[in-house]
Every structure is written in structure tokens, then in C-alpha cells.
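Shown next, in C-alpha cells, is the structure this report addresses.
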Amino acid sequence: MTAAPFSADLSAAELMGVISAASIPVLGEQCQAALERHCGASGMGIYLLRSGVPDLLYSSGVPGGFLEDYATLYGTDDPLIRQLSTQVPVTDGRTCLGEADWARSGLRELLSSWGLGHNMCGLIPIDAATMGVIYTATLQRTGAFTPQAREQLVFLCRGAGIALRSLVRRTRVVGDLPPQQARVAALVCEGFSNKEIARAVGLSEHTIKEYVQRLAQRLRADNRTALAVALLRQGFLH
């Protein structure tokens, strides 16, 4: 089994394409292209992460059934995501679990059942309350990610963090979302509490609670992280 292919470092043009992405789909496409070229990755997902739980923002090249199985089995307790921190911004299955434990882990078995081989994830810094994750995998016939590939993912995550900070902080109204609710939506995406949002926009906490509840009902979101993901995916905030 050969190692995942690796080419030259990310170019300035590639990084600028990620940093300047004006929407979630464009950001995802830019990240996917870079992962394929520099890390030998087959598929990828971008997740919004709060309280250690990932919520899918974008995916490409991954079977839908795999994403459902992953969410059921590891969506609230992924050992790789638990290991991520500012000191360990990128990890993979073999590094996180160790060679022997990785070989017999349920996570590797899940990947294998869907024709995938090795996985790798990196931490996307967004702000103090909100982080993200880029998760990627190789095809089953491809070897483990190289140290160079992990290094490239570090830079890619930094670029994605800049893009996501910009995306969650813009308040241009899209569709029929009123300006006041658009401002509230932007602050929800940034991880602000209802009390903090009320202070920022000069409204009562009760009014903010109603705004957030209406947005959640409209987008069928059952928690604040799911609401932030839904807002970004629907394009209310660009």
C-alpha cells in the first residue's frame, strides 16, 4: 500500500482562494481541491464545532451513508476531535490511537466499510466561542497521510478560519430576512449568548430569545450550533 500522494506546498494563489471564499460552497470547493492535490485525500467535510460536537457544514466526495453512520457512531465522541487543540492542531487515526489500536478500531472499520482508508482532521480557529474542523480521508487502497500532508492541513485550516470568520461576521441581508434579525443571526453564528446579543443590538433579552426561536423554527434547528450551521448553509449570511 503506497502512501497518500503529496505534491509541492500550498501556493499563495491556493491559500488566497480559500481565504477569500465568499460562501460555504466556494470555501468547500477550494479546500477539497487543495486536499486532493497536496494530501492525496478522496473526500472531505467541514464541520462547525461547539462543546466538542461537530455539525456538518459542507461535504464533498464522501458517500452520504458514511456521513450518516459517522454522525450516529462518532458524532458526539470522536477521539480525533477530542485530541485537537492549539497545541495539536492536526491529527490522524494512527497518530491519535496508536498503530495497534487504530488497526482494530471501530473508526477504521467504519471507514473501510465505505471504501475509505485513513482519516485526518484539523482544527479551524474561528473565534473564542466557535471552532471548526476539516475532516478528510483517503481511499482504502491508499496509505496513511504523510507528515507533509498534515502540515499542509494546518495551513489550510488557518486559511479556512479566516474565511469563516469573515462569513459569520457579515450581515448583508439575503432573501427576506429583516436587517435586525440578520444582525442577531450573525451574532448567533459568532457564539454570542442571548444576553450578549441583547446588549450588542440594544434590545431586550426576551426579544432576542424570540428572534432566535423564530430563526430556529424557520430553519428546523434544535440547538444553537445547528442554527448557526443552517444559517451559513442557507446563505442568510454571506
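By convention here, the chains of the C-alpha cells are called A, B, ... in the order presented, each chain's residues are numbered starting at 1, and ligands are numbered starting at 1 in the order presented.
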Distance query A:Leu35 at most 10 Å, only C-alpha atoms, self and fewer than 4 positions along chain excluded, as a ChimeraX atom specification: /A:6,10,29-31,39-44,136-137,149,152-153,156
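Every protein or nucleic acid residue with an atom no more than 7 Å from A:Gln140, counting only C-alpha atoms and leaving out same-chain residues fewer than 6 positions away, appears here: Ser112, Gly115, Leu116 and Gly117 of chain A.
The protein and nucleic acid residues lying at most 9 Å from A:His118 are Asp92, Gly93, Arg94, Arg108, Leu111, Ser112, Thr136, Ala137, Thr138, Leu139, Gln140, Thr142, Gly143, Ala144 and Phe145 of chain A, with only C-alpha atoms considered and sequence neighbours fewer than 3 positions away removed.
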Can you write just those residues out, C-alpha atoms, as a short mmCIF file (atom, residue, chain, number, x, y, z; two decimals), in the first residue's frame?
data_model
loop_
_atom_site.label_atom_id
_atom_site.label_comp_id
_atom_site.auth_asym_id
_atom_site.auth_seq_id
_atom_site.Cartn_x
_atom_site.Cartn_y
_atom_site.Cartn_z
CA ASP A 92 -4.95 11.33 12.17
CA GLY A 93 -6.19 7.94 13.25
CA ARG A 94 -2.82 6.25 13.58
CA ARG A 108 -11.13 2.38 10.91
CA LEU A 111 -14.01 3.88 7.01
CA SER A 112 -13.14 0.54 5.46
CA THR A 136 -10.69 14.23 5.29
CA ALA A 137 -9.96 10.63 4.27
CA THR A 138 -8.08 8.64 1.68
CA LEU A 139 -9.33 5.80 -0.47
CA GLN A 140 -8.87 2.34 1.02
CA THR A 142 -4.06 4.46 -0.38
CA GLY A 143 -1.64 4.56 2.54
CA ALA A 144 -1.60 6.81 5.57
CA PHE A 145 -1.25 10.57 5.39
#
How would you write, as number ranges by chain, the set of residues in stretch 121-173 of chain A that DSSP gives as strand (DSSP E)? A: 121-125, 131-139
So how far away is atom CA of A:Val184 from atom CA of A:Leu232, in Å? 13.3 Å
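Around A:Gln213, within 12 Å and counting only C-alpha atoms, the residues found are Gln181, Val184, Ala185, Val188, Asn194, His206, Thr207, Ile208, Lys209, Glu210, Tyr211, Leu215, Ala216, Gln217, Arg218, Leu219, Arg220, Ala221, Asp222, Asn223, Arg224 and Leu227 of chain A, once anything fewer than 2 positions away on its own chain is removed.
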Kindly indicate which residue among A:Ile124, A:Leu73, A:Leu80, A:Ala198 lies nearest to A:Ile162, using only C-alpha atoms for the distances. A:Ile124
Between A:Asp101, A:Glu196, A:Asp127, A:Asp9, single out the one closest to A:Val154, counting only C-alpha atoms.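 The shortest atom-to-atom distance to A:Val154 comes from A:Asp9.
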